[in-house]
Amino acid sequence: MKVIYNRLIPFRGFKCINLFGIIFVRKGCSMTPTDFNHEAIHTAQMKELLYLPFYILYVMEWLWRLFRLRDGTAAYRAISHEREAYANQGNPEYLNNRKPYNQIKSLWH
């Protein structure tokens with residue numbers, strides 16, 4: 001994955017964002033192996049959903065969770081894509097054994 005350190009993307013208060021498999025990191029922040037693995041899991045999710053549908057589903061699920069939970073941070077953490085990435089970011093072998101569309105299993109939780 002390509003990593004670009006800059007002052008514009010992501011917005012202040014955020015460490016990084018993965019856009020189409022390119023990680024944009026806020027200048028002054030450092031990425032750990034766990035951070036890279038988290039973003040690599042998102043890249044795998046993006047590839048199997050053909051990128052644009054990933055973002056559409058991501059935003060739709062966040063809006064639904066926001067409506068139900070009434071808390072932006074809780075809604076973000078409840079997104080199925082994030083649940084898979086956070087649950088497995090500490091396992092560097094996860095992507096070698098990951099089943100396709102694995103984030104779907106946590107969609108209904």
# chains A, B, ... in the order shown; residues from 1 in each chain; ligands from 1

$ residues_around --residues "His38 in chain A" --least-positions-apart "3" --cutoff "12 Å" --atoms "only C-alpha atoms" --output "PyMOL selection string"
chain A and resi 1+16-18+21+23+31-35+41-45+81-95

$ select_by_dssp --residues "range 4-79 of chain A" --states "strand (DSSP E or B)" --output "PyMOL selection string"
chain A and resi 4-6+16-19+22-26

$ write_last_selection --atoms "N, CA and C atoms" --output "CSV table (one decimal), in the first residue's frame"
chain,number,residue,atom,x,y,z
A,4,ILE,N,0.9,8.3,2.0
A,4,ILE,CA,1.2,9.7,1.7
A,4,ILE,C,1.0,10.5,3.0
A,5,TYR,N,2.0,11.1,3.5
A,5,TYR,CA,2.0,12.0,4.7
A,5,TYR,C,1.7,13.4,4.2
A,6,ASN,N,0.7,14.0,4.7
A,6,ASN,CA,0.4,15.4,4.3
A,6,ASN,C,-0.4,16.1,5.4
A,16,CYS,N,-5.4,8.8,10.0
A,16,CYS,CA,-5.3,8.4,8.6
A,16,CYS,C,-6.6,8.0,8.0
A,17,ILE,N,-6.6,7.9,6.7
A,17,ILE,CA,-7.8,7.5,6.0
A,17,ILE,C,-7.3,6.7,4.8
A,18,ASN,N,-8.0,5.6,4.4
A,18,ASN,CA,-7.6,4.8,3.3
A,18,ASN,C,-8.6,5.1,2.2
A,19,LEU,N,-8.0,5.7,1.1
A,19,LEU,CA,-8.9,6.0,-0.1
A,19,LEU,C,-8.4,5.2,-1.3
A,22,ILE,N,-4.9,3.7,-1.0
A,22,ILE,CA,-3.8,4.6,-0.7
A,22,ILE,C,-4.1,5.2,0.7
A,23,ILE,N,-3.1,5.1,1.6
A,23,ILE,CA,-3.3,5.6,3.0
A,23,ILE,C,-2.7,7.0,3.1
A,24,PHE,N,-3.6,7.9,3.4
A,24,PHE,CA,-3.2,9.3,3.7
A,24,PHE,C,-3.1,9.5,5.2
A,25,VAL,N,-1.9,9.9,5.6
A,25,VAL,CA,-1.6,10.0,7.0
A,25,VAL,C,-1.4,11.5,7.4
A,26,ARG,N,-2.0,11.9,8.4
A,26,ARG,CA,-1.8,13.3,8.9
A,26,ARG,C,-0.3,13.5,9.2

$ atom_distance --atom1 "CA of Glu61 in chain A" --atom2 "CA of Leu49 in chain A"
14.6 Å

$ select_by_dssp --residues "chain A" --states "alpha helix (DSSP H)" --output "PDB file with C-alpha atoms, in the first residue's frame"
ATOM      1  CA  PRO A  33       2.265  -2.210  12.196  1.00  0.00           C
ATOM      2  CA  THR A  34      -1.199  -2.574  13.760  1.00  0.00           C
ATOM      3  CA  ASP A  35      -2.383   0.559  11.931  1.00  0.00           C
ATOM      4  CA  PHE A  36      -1.022  -0.762   8.637  1.00  0.00           C
ATOM      5  CA  ASN A  37      -2.725  -4.119   9.173  1.00  0.00           C
ATOM      6  CA  HIS A  38      -6.030  -2.378   9.961  1.00  0.00           C
ATOM      7  CA  GLU A  39      -5.818  -0.419   6.713  1.00  0.00           C
ATOM      8  CA  ALA A  40      -4.721  -3.515   4.754  1.00  0.00           C
ATOM      9  CA  ILE A  41      -7.902  -5.251   5.926  1.00  0.00           C
ATOM     10  CA  HIS A  42      -9.910  -2.302   4.595  1.00  0.00           C
ATOM     11  CA  THR A  43      -8.060  -2.525   1.287  1.00  0.00           C
ATOM     12  CA  ALA A  44      -9.006  -6.214   1.013  1.00  0.00           C
ATOM     13  CA  GLN A  45     -12.634  -5.288   1.737  1.00  0.00           C
ATOM     14  CA  MET A  46     -12.517  -2.566  -0.915  1.00  0.00           C
ATOM     15  CA  LYS A  47     -11.074  -4.863  -3.562  1.00  0.00           C
ATOM     16  CA  GLU A  48     -13.673  -7.582  -3.084  1.00  0.00           C
ATOM     17  CA  LEU A  52     -17.132   2.268  -4.952  1.00  0.00           C
ATOM     18  CA  PRO A  53     -19.740  -0.120  -3.460  1.00  0.00           C
ATOM     19  CA  PHE A  54     -17.477  -0.374  -0.387  1.00  0.00           C
ATOM     20  CA  TYR A  55     -17.796   3.368   0.214  1.00  0.00           C
ATOM     21  CA  ILE A  56     -21.538   3.402  -0.498  1.00  0.00           C
ATOM     22  CA  LEU A  57     -22.158   0.539   1.933  1.00  0.00           C
ATOM     23  CA  TYR A  58     -19.810   2.081   4.495  1.00  0.00           C
ATOM     24  CA  VAL A  59     -21.629   5.431   4.520  1.00  0.00           C
ATOM     25  CA  MET A  60     -25.095   3.833   4.429  1.00  0.00           C
ATOM     26  CA  GLU A  61     -24.243   1.561   7.344  1.00  0.00           C
ATOM     27  CA  TRP A  62     -22.756   4.461   9.325  1.00  0.00           C
ATOM     28  CA  LEU A  63     -25.937   6.512   8.797  1.00  0.00           C
ATOM     29  CA  TRP A  64     -28.114   3.582   9.861  1.00  0.00           C
ATOM     30  CA  ARG A  65     -26.004   2.964  12.975  1.00  0.00           C
ATOM     31  CA  LEU A  66     -25.977   6.699  13.757  1.00  0.00           C
ATOM     32  CA  PHE A  67     -29.779   6.754  13.571  1.00  0.00           C
ATOM     33  CA  ARG A  68     -30.017   3.759  15.919  1.00  0.00           C
ATOM     34  CA  LEU A  69     -27.180   4.601  18.342  1.00  0.00           C
ATOM     35  CA  GLY A  72     -21.114   9.193  15.881  1.00  0.00           C
ATOM     36  CA  THR A  73     -18.192   7.361  17.475  1.00  0.00           C
ATOM     37  CA  ALA A  74     -20.309   4.375  18.478  1.00  0.00           C
ATOM     38  CA  ALA A  75     -21.817   4.303  14.977  1.00  0.00           C
ATOM     39  CA  TYR A  76     -18.336   4.299  13.418  1.00  0.00           C
ATOM     40  CA  ARG A  77     -17.128   1.448  15.668  1.00  0.00           C
ATOM     41  CA  ALA A  78     -20.282  -0.572  14.880  1.00  0.00           C
ATOM     42  CA  SER A  80     -19.202  -4.091   9.916  1.00  0.00           C
ATOM     43  CA  HIS A  81     -16.049  -3.111   7.987  1.00  0.00           C
ATOM     44  CA  GLU A  82     -14.590  -1.488  11.099  1.00  0.00           C
ATOM     45  CA  ARG A  83     -15.616  -4.354  13.368  1.00  0.00           C
ATOM     46  CA  GLU A  84     -13.675  -6.808  11.210  1.00  0.00           C
ATOM     47  CA  ALA A  85     -10.641  -4.512  10.961  1.00  0.00           C
ATOM     48  CA  TYR A  86     -10.495  -3.716  14.685  1.00  0.00           C
ATOM     49  CA  ALA A  87     -11.068  -7.336  15.696  1.00  0.00           C
ATOM     50  CA  ASN A  88      -8.162  -8.539  13.548  1.00  0.00           C
ATOM     51  CA  TYR A  94      -5.159 -12.491   9.273  1.00  0.00           C
ATOM     52  CA  LEU A  95      -5.188 -11.524   5.595  1.00  0.00           C
ATOM     53  CA  ASN A  96      -3.503 -14.813   4.658  1.00  0.00           C
ATOM     54  CA  ASN A  97      -6.439 -16.749   6.114  1.00  0.00           C
TER      55      ASN A  97
END
